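Report on one structure; see the data block that follows.
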Amino acid sequence: MRMAASAVAQAAQTQGIALLKPETLRDPAAQAAIAAQSCDVMVVAALGLILPQSVLAIPRHGCLNIHASLLPRWRGAAPIQRAILAGDATTGITIMRMDAGLDTGPALLAHPHPIGARDTAGALTDALAELGARAIVEALARLESLVPQPQDAARATYAAKIGKADALIDWTRPAEAIDRQVRAFDPAPGAETRLEGEPLKVWRAEPLDRAGTPGAVLEATPSGIVVGCGHGALRLLEVQRAGARRLAAGPFLLGTPLKAGRILGETPQAASAKPTA
């Protein structure tokens with residue numbers, strides 16, 4: 001939880017490369033400092049901001065973005081998580097030339113990457129980071145010959161920023177969908193349910209072909225905590241109570257015994273049964 005220089009900043013300092021850290025790129029002084037570098041091209045990775053047109057126009061070959069999806073699918077802030085949540089079989093890296101829109105610029109090259117059945121957002125981020133590094137080096141080497149390909153806006157989907165509500169588990173949903181939710185939000189923010197009114201993070205799980213009341217514990221053994229879903233069931237393999245460590249099911253149950261019939265979370269049926277003011 002301490003502030004530290006990024007890997008890019010550390011590499012720049014090691015190589016004696018000028019390092020600029022403007023608070024905003026809309027500041028004329030910051031724009032002048034960038035223009036003074038006389039760069040041919042700018043590369044953007046995981047910035048999370050839309051660059052002003054005055055900055056986009058500075059480099060001779062424009063600004064290139066390393067985007068973690070196959071555009072125009074999953075434009076926006078959370079393409080990796082949204083791809084897993086949607087059950088996509090494939091994602092990838094797109095190197096695009098930025099324009100004034102949100103990931104709307106023409107693509108220079110794209111490399112697909114499969115999404116494994118058990119991939120988490122963390123694992124997929126690492127894989128796409130390596131692929132993106134190779135892709136941007138390739139794009140820069142071939143920059144003069146690459147032909148920009150306009151995106152088909154009719155095929156665009158948007159990867160909205162992840163909020164707290166996205167992480168809350170609705171046990172009335174199918175087990176496969178909740179499993180994707182668990183994997184999409186590992187390592188952050190973590191899929192979450194409630195136990196005794198307190199948050200319970202679910203870090204690792206697997207869907208099962210079983211039936212049971214949504215949210216109800218069907219079985220609790222060292223091999224996992226089986227919870228009923230709207231369709232099928234989910235075996236919780238690794239969980240975490242607030243203020244505690246992540247634990248496999250066996251060690252967790254030693255300190256928090258669970259019996260069949262215990263309800264996790266709050267189902268829409270339970271919520272509708274509550275008296276209203």
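Simple scheme: letters A, B, ... for chains in structure tokens order, numbers from 1 for residues in each chain, numbers from 1 for ligands in the order shown.
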
- Item | Backbone-only DSSP, helix (DSSP H, G or I) members of region 127-183 of chain A, as JSON, numbers by chain | {"A": [127, 128, 129, 130, 131, 132, 133, 134, 135, 136, 137, 138, 139, 140, 141, 153, 154, 155, 164, 165, 166, 167, 175, 176, 177, 178, 179, 180, 181, 182, 183]}

Can you spit out the residues from that selection as a PDB file, in the first residue's frame, using N, CA and C atoms?
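Result saved to part_17.pdb:
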```pdb
ATOM      1  N   ALA A 127      -1.091 -12.555 -19.720  1.00  0.00           N
ATOM      2  CA  ALA A 127      -0.887 -13.096 -21.063  1.00  0.00           C
ATOM      3  C   ALA A 127      -1.019 -12.003 -22.122  1.00  0.00           C
ATOM      4  N   LEU A 128      -2.010 -11.123 -21.954  1.00  0.00           N
ATOM      5  CA  LEU A 128      -2.210 -10.062 -22.944  1.00  0.00           C
ATOM      6  C   LEU A 128      -1.144  -8.978 -22.832  1.00  0.00           C
ATOM      7  N   ALA A 129      -0.583  -8.792 -21.645  1.00  0.00           N
ATOM      8  CA  ALA A 129       0.516  -7.833 -21.494  1.00  0.00           C
ATOM      9  C   ALA A 129       1.718  -8.283 -22.326  1.00  0.00           C
ATOM     10  N   GLU A 130       2.027  -9.577 -22.273  1.00  0.00           N
ATOM     11  CA  GLU A 130       3.135 -10.097 -23.073  1.00  0.00           C
ATOM     12  C   GLU A 130       2.828  -9.992 -24.564  1.00  0.00           C
ATOM     13  N   LEU A 131       1.599 -10.356 -24.935  1.00  0.00           N
ATOM     14  CA  LEU A 131       1.211 -10.265 -26.341  1.00  0.00           C
ATOM     15  C   LEU A 131       1.223  -8.815 -26.807  1.00  0.00           C
ATOM     16  N   GLY A 132       0.744  -7.913 -25.966  1.00  0.00           N
ATOM     17  CA  GLY A 132       0.723  -6.496 -26.323  1.00  0.00           C
ATOM     18  C   GLY A 132       2.111  -5.920 -26.504  1.00  0.00           C
ATOM     19  N   ALA A 133       3.045  -6.355 -25.654  1.00  0.00           N
ATOM     20  CA  ALA A 133       4.427  -5.886 -25.783  1.00  0.00           C
ATOM     21  C   ALA A 133       5.018  -6.299 -27.122  1.00  0.00           C
ATOM     22  N   ARG A 134       4.779  -7.548 -27.511  1.00  0.00           N
ATOM     23  CA  ARG A 134       5.288  -8.013 -28.805  1.00  0.00           C
ATOM     24  C   ARG A 134       4.595  -7.290 -29.953  1.00  0.00           C
ATOM     25  N   ALA A 135       3.282  -7.060 -29.793  1.00  0.00           N
ATOM     26  CA  ALA A 135       2.505  -6.436 -30.871  1.00  0.00           C
ATOM     27  C   ALA A 135       2.931  -4.988 -31.110  1.00  0.00           C
ATOM     28  N   ILE A 136       3.207  -4.231 -30.035  1.00  0.00           N
ATOM     29  CA  ILE A 136       3.577  -2.829 -30.253  1.00  0.00           C
ATOM     30  C   ILE A 136       4.967  -2.725 -30.874  1.00  0.00           C
ATOM     31  N   VAL A 137       5.874  -3.637 -30.511  1.00  0.00           N
ATOM     32  CA  VAL A 137       7.193  -3.641 -31.151  1.00  0.00           C
ATOM     33  C   VAL A 137       7.041  -3.944 -32.641  1.00  0.00           C
ATOM     34  N   GLU A 138       6.185  -4.907 -32.964  1.00  0.00           N
ATOM     35  CA  GLU A 138       5.930  -5.227 -34.377  1.00  0.00           C
ATOM     36  C   GLU A 138       5.327  -4.031 -35.101  1.00  0.00           C
ATOM     37  N   ALA A 139       4.359  -3.370 -34.464  1.00  0.00           N
ATOM     38  CA  ALA A 139       3.698  -2.227 -35.105  1.00  0.00           C
ATOM     39  C   ALA A 139       4.676  -1.086 -35.350  1.00  0.00           C
ATOM     40  N   LEU A 140       5.536  -0.814 -34.389  1.00  0.00           N
ATOM     41  CA  LEU A 140       6.501   0.276 -34.559  1.00  0.00           C
ATOM     42  C   LEU A 140       7.508  -0.044 -35.664  1.00  0.00           C
ATOM     43  N   ALA A 141       7.898  -1.316 -35.763  1.00  0.00           N
ATOM     44  CA  ALA A 141       8.849  -1.714 -36.804  1.00  0.00           C
ATOM     45  C   ALA A 141       8.230  -1.612 -38.195  1.00  0.00           C
ATOM     46  N   ALA A 153     -18.380   0.300 -36.657  1.00  0.00           N
ATOM     47  CA  ALA A 153     -19.078   0.784 -35.464  1.00  0.00           C
ATOM     48  C   ALA A 153     -20.316  -0.041 -35.150  1.00  0.00           C
ATOM     49  N   ALA A 154     -20.928  -0.658 -36.155  1.00  0.00           N
ATOM     50  CA  ALA A 154     -22.133  -1.455 -35.929  1.00  0.00           C
ATOM     51  C   ALA A 154     -21.841  -2.696 -35.089  1.00  0.00           C
ATOM     52  N   ARG A 155     -20.582  -3.117 -35.037  1.00  0.00           N
ATOM     53  CA  ARG A 155     -20.201  -4.319 -34.288  1.00  0.00           C
ATOM     54  C   ARG A 155     -19.619  -3.971 -32.914  1.00  0.00           C
ATOM     55  N   LYS A 164     -18.809  -1.648  -7.818  1.00  0.00           N
ATOM     56  CA  LYS A 164     -19.041  -2.574  -6.706  1.00  0.00           C
ATOM     57  C   LYS A 164     -20.222  -3.486  -6.982  1.00  0.00           C
ATOM     58  N   ALA A 165     -21.249  -2.965  -7.625  1.00  0.00           N
ATOM     59  CA  ALA A 165     -22.442  -3.770  -7.885  1.00  0.00           C
ATOM     60  C   ALA A 165     -22.138  -4.950  -8.797  1.00  0.00           C
ATOM     61  N   ASP A 166     -21.145  -4.788  -9.682  1.00  0.00           N
ATOM     62  CA  ASP A 166     -20.790  -5.878 -10.595  1.00  0.00           C
ATOM     63  C   ASP A 166     -20.266  -7.090  -9.844  1.00  0.00           C
ATOM     64  N   ALA A 167     -19.674  -6.863  -8.685  1.00  0.00           N
ATOM     65  CA  ALA A 167     -19.029  -7.949  -7.947  1.00  0.00           C
ATOM     66  C   ALA A 167     -19.985  -8.738  -7.061  1.00  0.00           C
ATOM     67  N   ALA A 175     -24.985 -21.227 -12.624  1.00  0.00           N
ATOM     68  CA  ALA A 175     -23.674 -21.457 -12.012  1.00  0.00           C
ATOM     69  C   ALA A 175     -22.543 -21.055 -12.949  1.00  0.00           C
ATOM     70  N   GLU A 176     -22.703 -21.318 -14.267  1.00  0.00           N
ATOM     71  CA  GLU A 176     -21.641 -20.962 -15.220  1.00  0.00           C
ATOM     72  C   GLU A 176     -21.417 -19.453 -15.245  1.00  0.00           C
ATOM     73  N   ALA A 177     -22.493 -18.666 -15.137  1.00  0.00           N
ATOM     74  CA  ALA A 177     -22.367 -17.207 -15.150  1.00  0.00           C
ATOM     75  C   ALA A 177     -21.671 -16.710 -13.883  1.00  0.00           C
ATOM     76  N   ILE A 178     -22.006 -17.310 -12.742  1.00  0.00           N
ATOM     77  CA  ILE A 178     -21.360 -16.895 -11.489  1.00  0.00           C
ATOM     78  C   ILE A 178     -19.897 -17.305 -11.494  1.00  0.00           C
ATOM     79  N   ASP A 179     -19.599 -18.462 -12.058  1.00  0.00           N
ATOM     80  CA  ASP A 179     -18.206 -18.893 -12.184  1.00  0.00           C
ATOM     81  C   ASP A 179     -17.404 -17.886 -13.001  1.00  0.00           C
ATOM     82  N   ARG A 180     -17.979 -17.394 -14.092  1.00  0.00           N
ATOM     83  CA  ARG A 180     -17.287 -16.376 -14.904  1.00  0.00           C
ATOM     84  C   ARG A 180     -17.096 -15.095 -14.101  1.00  0.00           C
ATOM     85  N   GLN A 181     -18.089 -14.752 -13.272  1.00  0.00           N
ATOM     86  CA  GLN A 181     -17.985 -13.568 -12.426  1.00  0.00           C
ATOM     87  C   GLN A 181     -16.823 -13.699 -11.445  1.00  0.00           C
ATOM     88  N   VAL A 182     -16.694 -14.864 -10.833  1.00  0.00           N
ATOM     89  CA  VAL A 182     -15.593 -15.104  -9.898  1.00  0.00           C
ATOM     90  C   VAL A 182     -14.251 -14.933 -10.606  1.00  0.00           C
ATOM     91  N   ARG A 183     -14.130 -15.509 -11.788  1.00  0.00           N
ATOM     92  CA  ARG A 183     -12.856 -15.434 -12.507  1.00  0.00           C
ATOM     93  C   ARG A 183     -12.585 -14.036 -13.050  1.00  0.00           C
TER      94      ARG A 183
END
```

What are the nearest atom pairs, with distances in Å to one decimal, for all residues of region 60-148 of chain A that come at most 12 Å from region 197-208 of chain A, using only C-alpha atoms, set out by chain and rising residue number as CSV?
```
residue,atom,partner,partner_atom,distance
A:Ala117,CA,A:Glu206,CA,10.4
A:Arg118,CA,A:Glu206,CA,8.8
A:Asp119,CA,A:Arg204,CA,10.9
A:Thr120,CA,A:Arg204,CA,9.3
A:Ala121,CA,A:Trp203,CA,11.5
A:Gly122,CA,A:Trp203,CA,11.7
```

With C-alpha atoms retained, could you export that selection as a tab-separated table (two decimals), in the first residue's frame?
```
chain	number	residue	atom	x	y	z
A	117	ALA	CA	-11.95	-22.25	-19.43
A	118	ARG	CA	-10.38	-21.43	-16.04
A	119	ASP	CA	-8.66	-18.14	-16.90
A	120	THR	CA	-8.95	-15.35	-14.35
A	121	ALA	CA	-8.68	-11.66	-15.16
A	122	GLY	CA	-5.23	-11.68	-13.57
```

- Could you pull out the strand (DSSP E or B) residues of region 61-274 of chain A from DSSP and send them as a PyMOL selection string? chain A and resi 63-67+75-76+90-97+107-114+149+158-159+168+174+191-195+198-208+216-221+224-228+231+233-241+247-248+263

- Task: Would you mind listing what lies within 9 Å of region 28-39 of chain A as a list of chain:residue names, with only C-alpha atoms counted and same-chain residues fewer than 2 positions away left out?
- Result: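 The filter keeps A:Leu20, A:Lys21, A:Pro22, A:Glu23, A:Thr24, A:Leu25, A:Arg26, A:Val41, A:Met42, A:Ser54, A:Val55, A:Ile58, A:Pro59, A:Arg60, A:His61.
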
Mind writing the picked residues with N, CA and C atoms as an mmCIF file, in the first residue's frame?
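To be explicit, this is the file written out as selection_19.cif:
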```
data_model
loop_
_atom_site.group_PDB
_atom_site.id
_atom_site.type_symbol
_atom_site.label_atom_id
_atom_site.label_comp_id
_atom_site.auth_asym_id
_atom_site.auth_seq_id
_atom_site.Cartn_x
_atom_site.Cartn_y
_atom_site.Cartn_z
ATOM 1 N N LEU A 20 8.248 12.462 -17.694
ATOM 2 C CA LEU A 20 7.279 13.513 -17.414
ATOM 3 C C LEU A 20 6.084 12.904 -16.690
ATOM 4 N N LYS A 21 5.600 13.584 -15.657
ATOM 5 C CA LYS A 21 4.443 13.101 -14.904
ATOM 6 C C LYS A 21 3.413 14.215 -14.725
ATOM 7 N N PRO A 22 2.839 14.680 -15.817
ATOM 8 C CA PRO A 22 1.842 15.751 -15.703
ATOM 9 C C PRO A 22 0.569 15.247 -15.049
ATOM 10 N N GLU A 23 -0.074 16.107 -14.247
ATOM 11 C CA GLU A 23 -1.338 15.728 -13.614
ATOM 12 C C GLU A 23 -2.459 15.636 -14.630
ATOM 13 N N THR A 24 -2.381 16.433 -15.679
ATOM 14 C CA THR A 24 -3.372 16.393 -16.740
ATOM 15 C C THR A 24 -2.704 16.735 -18.062
ATOM 16 N N LEU A 25 -3.151 16.096 -19.126
ATOM 17 C CA LEU A 25 -2.604 16.406 -20.451
ATOM 18 C C LEU A 25 -3.356 17.551 -21.125
ATOM 19 N N ARG A 26 -4.292 18.138 -20.400
ATOM 20 C CA ARG A 26 -4.978 19.325 -20.926
ATOM 21 C C ARG A 26 -4.255 20.614 -20.538
ATOM 22 N N VAL A 41 6.181 9.167 -32.603
ATOM 23 C CA VAL A 41 4.962 8.451 -32.256
ATOM 24 C C VAL A 41 4.853 8.375 -30.741
ATOM 25 N N MET A 42 3.633 8.355 -30.233
ATOM 26 C CA MET A 42 3.395 8.137 -28.806
ATOM 27 C C MET A 42 2.663 6.817 -28.639
ATOM 28 N N SER A 54 -5.379 18.116 -29.156
ATOM 29 C CA SER A 54 -4.122 18.868 -29.232
ATOM 30 C C SER A 54 -2.922 17.971 -28.923
ATOM 31 N N VAL A 55 -3.102 16.938 -28.097
ATOM 32 C CA VAL A 55 -2.023 15.995 -27.798
ATOM 33 C C VAL A 55 -1.919 14.950 -28.899
ATOM 34 N N ILE A 58 0.331 15.895 -31.779
ATOM 35 C CA ILE A 58 1.750 16.217 -31.587
ATOM 36 C C ILE A 58 2.685 15.291 -32.363
ATOM 37 N N PRO A 59 2.595 13.966 -32.234
ATOM 38 C CA PRO A 59 3.560 13.095 -32.925
ATOM 39 C C PRO A 59 3.290 13.022 -34.429
ATOM 40 N N ARG A 60 4.330 12.867 -35.196
ATOM 41 C CA ARG A 60 4.206 12.817 -36.657
ATOM 42 C C ARG A 60 3.368 11.631 -37.112
ATOM 43 N N HIS A 61 3.498 10.498 -36.430
ATOM 44 C CA HIS A 61 2.738 9.301 -36.784
ATOM 45 C C HIS A 61 1.559 9.067 -35.832
#
```

Which residues of region 125-159 of chain A come within 8 Å of region 72-80 of chain A, and for each one, what is the closest pair of atoms and their distance in Å to one decimal, counting only C-alpha atoms, sorted by chain and residue number, as a tab-separated table?
```
residue	atom	partner	partner_atom	distance
A:Thr125	CA	A:Ile80	CA	7.0
A:Gln151	CA	A:Pro72	CA	6.0
A:Asp152	CA	A:Pro72	CA	6.7
A:Ala153	CA	A:Pro72	CA	6.9
A:Arg155	CA	A:Pro72	CA	6.3
A:Ala156	CA	A:Pro72	CA	4.6
A:Thr157	CA	A:Arg73	CA	4.9
A:Tyr158	CA	A:Trp74	CA	4.7
A:Ala159	CA	A:Gly76	CA	4.8
```

Would you save the residues from that selection as a short mmCIF file (atom, residue, chain, number, x, y, z; two decimals), in the first residue's frame, using C-alpha atoms?
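Writing done, so here's again_8.cif:
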```
data_model
loop_
_atom_site.label_atom_id
_atom_site.label_comp_id
_atom_site.auth_asym_id
_atom_site.auth_seq_id
_atom_site.Cartn_x
_atom_site.Cartn_y
_atom_site.Cartn_z
CA THR A 125 -4.00 -9.68 -18.10
CA GLN A 151 -13.55 -0.09 -37.22
CA ASP A 152 -17.09 -1.28 -37.96
CA ALA A 153 -19.08 0.78 -35.46
CA ARG A 155 -20.20 -4.32 -34.29
CA ALA A 156 -18.96 -2.28 -31.33
CA THR A 157 -19.56 -3.33 -27.73
CA TYR A 158 -18.55 -1.35 -24.66
CA ALA A 159 -16.60 -2.54 -21.64
#
```

- Query: How many Å lie between CA of Gly62 (chain A) and CA of Ala46 (chain A), rounded to one decimal?
  - Reply: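 According to the coordinates, CA of Gly62 (chain A) and CA of Ala46 (chain A) are separated by 17.2 Å.
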
- Task: For CA of Met96 (chain A) and CA of Leu146 (chain A), quote the distance in Å rounded to one decimal.
- Result: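 Pair CA of Met96 (chain A) / CA of Leu146 (chain A) returns 10.9 Å.
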
- Query: What lies within 12 Å of Pro112 (chain A) using only C-alpha atoms, ignoring chain neighbours under 2 positions off, as a list in words?
  - Reply: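 Here the answer would be His67, Ala68, Ser69, Leu70, Leu71, Asp88, Ala89, Thr90, Thr91, Gly92, Ile93, Thr94, Ile95, Leu109, Ala110, Pro114, Ile115, Ala127, Leu128, Leu131, Gly132 and Ala135 of chain A.
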
Next, dump the selected residues to file, keeping only N, CA and C atoms, as a PDB file, in the first residue's frame.
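Resulting contents of part-v1.pdb:
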```
ATOM      1  N   HIS A  67      -4.579  -1.956 -26.971  1.00  0.00           N
ATOM      2  CA  HIS A  67      -5.884  -2.230 -26.368  1.00  0.00           C
ATOM      3  C   HIS A  67      -6.088  -3.727 -26.203  1.00  0.00           C
ATOM      4  N   ALA A  68      -6.590  -4.127 -25.023  1.00  0.00           N
ATOM      5  CA  ALA A  68      -6.694  -5.553 -24.675  1.00  0.00           C
ATOM      6  C   ALA A  68      -8.018  -6.178 -25.115  1.00  0.00           C
ATOM      7  N   SER A  69      -8.329  -6.036 -26.395  1.00  0.00           N
ATOM      8  CA  SER A  69      -9.456  -6.754 -26.989  1.00  0.00           C
ATOM      9  C   SER A  69      -9.300  -6.687 -28.499  1.00  0.00           C
ATOM     10  N   LEU A  70     -10.132  -7.420 -29.193  1.00  0.00           N
ATOM     11  CA  LEU A  70     -10.154  -7.349 -30.651  1.00  0.00           C
ATOM     12  C   LEU A  70     -11.224  -6.337 -31.040  1.00  0.00           C
ATOM     13  N   LEU A  71     -10.813  -5.096 -31.193  1.00  0.00           N
ATOM     14  CA  LEU A  71     -11.749  -4.028 -31.528  1.00  0.00           C
ATOM     15  C   LEU A  71     -12.452  -4.313 -32.852  1.00  0.00           C
ATOM     16  N   ASP A  88     -16.768 -15.045 -23.667  1.00  0.00           N
ATOM     17  CA  ASP A  88     -16.070 -15.041 -24.956  1.00  0.00           C
ATOM     18  C   ASP A  88     -15.014 -16.140 -24.983  1.00  0.00           C
ATOM     19  N   ALA A  89     -14.882 -16.784 -26.130  1.00  0.00           N
ATOM     20  CA  ALA A  89     -13.858 -17.821 -26.285  1.00  0.00           C
ATOM     21  C   ALA A  89     -12.516 -17.234 -26.678  1.00  0.00           C
ATOM     22  N   THR A  90     -12.548 -16.034 -27.263  1.00  0.00           N
ATOM     23  CA  THR A  90     -11.326 -15.415 -27.782  1.00  0.00           C
ATOM     24  C   THR A  90     -11.318 -13.933 -27.466  1.00  0.00           C
ATOM     25  N   THR A  91     -10.155 -13.425 -27.135  1.00  0.00           N
ATOM     26  CA  THR A  91      -9.934 -11.986 -27.030  1.00  0.00           C
ATOM     27  C   THR A  91      -8.647 -11.704 -27.793  1.00  0.00           C
ATOM     28  N   GLY A  92      -7.894 -10.697 -27.400  1.00  0.00           N
ATOM     29  CA  GLY A  92      -6.647 -10.429 -28.096  1.00  0.00           C
ATOM     30  C   GLY A  92      -6.134  -9.029 -27.841  1.00  0.00           C
ATOM     31  N   ILE A  93      -5.232  -8.620 -28.704  1.00  0.00           N
ATOM     32  CA  ILE A  93      -4.633  -7.286 -28.626  1.00  0.00           C
ATOM     33  C   ILE A  93      -4.859  -6.573 -29.949  1.00  0.00           C
ATOM     34  N   THR A  94      -5.295  -5.339 -29.857  1.00  0.00           N
ATOM     35  CA  THR A  94      -5.394  -4.475 -31.044  1.00  0.00           C
ATOM     36  C   THR A  94      -4.475  -3.279 -30.846  1.00  0.00           C
ATOM     37  N   ILE A  95      -3.633  -3.023 -31.837  1.00  0.00           N
ATOM     38  CA  ILE A  95      -2.863  -1.781 -31.860  1.00  0.00           C
ATOM     39  C   ILE A  95      -3.635  -0.821 -32.760  1.00  0.00           C
ATOM     40  N   LEU A 109      -3.010  -3.307 -36.408  1.00  0.00           N
ATOM     41  CA  LEU A 109      -2.860  -4.770 -36.424  1.00  0.00           C
ATOM     42  C   LEU A 109      -3.563  -5.339 -35.215  1.00  0.00           C
ATOM     43  N   ALA A 110      -3.904  -6.628 -35.289  1.00  0.00           N
ATOM     44  CA  ALA A 110      -4.587  -7.304 -34.195  1.00  0.00           C
ATOM     45  C   ALA A 110      -4.089  -8.741 -34.097  1.00  0.00           C
ATOM     46  N   PRO A 114      -6.718 -16.967 -27.115  1.00  0.00           N
ATOM     47  CA  PRO A 114      -7.841 -17.722 -26.561  1.00  0.00           C
ATOM     48  C   PRO A 114      -8.043 -17.430 -25.079  1.00  0.00           C
ATOM     49  N   ILE A 115      -9.288 -17.499 -24.638  1.00  0.00           N
ATOM     50  CA  ILE A 115      -9.599 -17.390 -23.217  1.00  0.00           C
ATOM     51  C   ILE A 115      -9.820 -18.805 -22.694  1.00  0.00           C
ATOM     52  N   ALA A 127      -1.091 -12.555 -19.720  1.00  0.00           N
ATOM     53  CA  ALA A 127      -0.887 -13.096 -21.063  1.00  0.00           C
ATOM     54  C   ALA A 127      -1.019 -12.003 -22.122  1.00  0.00           C
ATOM     55  N   LEU A 128      -2.010 -11.123 -21.954  1.00  0.00           N
ATOM     56  CA  LEU A 128      -2.210 -10.062 -22.944  1.00  0.00           C
ATOM     57  C   LEU A 128      -1.144  -8.978 -22.832  1.00  0.00           C
ATOM     58  N   LEU A 131       1.599 -10.356 -24.935  1.00  0.00           N
ATOM     59  CA  LEU A 131       1.211 -10.265 -26.341  1.00  0.00           C
ATOM     60  C   LEU A 131       1.223  -8.815 -26.807  1.00  0.00           C
ATOM     61  N   GLY A 132       0.744  -7.913 -25.966  1.00  0.00           N
ATOM     62  CA  GLY A 132       0.723  -6.496 -26.323  1.00  0.00           C
ATOM     63  C   GLY A 132       2.111  -5.920 -26.504  1.00  0.00           C
ATOM     64  N   ALA A 135       3.282  -7.060 -29.793  1.00  0.00           N
ATOM     65  CA  ALA A 135       2.505  -6.436 -30.871  1.00  0.00           C
ATOM     66  C   ALA A 135       2.931  -4.988 -31.110  1.00  0.00           C
TER      67      ALA A 135
END
```

- Item | Long-range neighbours of Val227 (chain A) as a count of residues only, 10 Å cut-off, only C-alpha atoms, 5 positions minimum in chain | 25

- Between A:Ala86, A:Met1, A:Leu64, A:Ala100, single out the one closest to Leu51 (chain A), counting only C-alpha atoms. A:Ala100

- Query: Could you pull the residues within 9 Å of Leu102 (chain A), counting only C-alpha atoms, minus those fewer than 3 positions along the same chain, as a VMD selection string?
  - Reply: chain A and resid 49 to 50 75 to 76 98 to 99 105

Please produce a file of the residues just selected, as a JSON list (two decimals), in the first residue's frame, where the atoms kept are C-alpha atoms.
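Result written to part-v1.json:
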```
[["chain", "number", "residue", "atom", "x", "y", "z"],
["A", 49, "LEU", "CA", -8.30, 8.69, -20.28],
["A", 50, "ILE", "CA", -9.23, 10.18, -23.64],
["A", 75, "ARG", "CA", -14.12, -0.68, -26.33],
["A", 76, "GLY", "CA", -13.64, 1.02, -22.98],
["A", 98, "MET", "CA", -6.07, 6.95, -31.49],
["A", 99, "ASP", "CA", -8.63, 9.57, -32.41],
["A", 105, "GLY", "CA", -9.60, 4.87, -34.06]]
```

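Residues lying within 6 Å of Pro148 (chain A), counting only C-alpha atoms and ignoring same-chain neighbours fewer than 2 positions away, are Pro106, Ala107 and Leu108 of chain A.
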
- Task: Measure the distance from CA of Ile66 (chain A) to CA of Ile84 (chain A) in Å and round it to one decimal.
- Result: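 Separation between CA of Ile66 (chain A) and CA of Ile84 (chain A): 18.9 Å.
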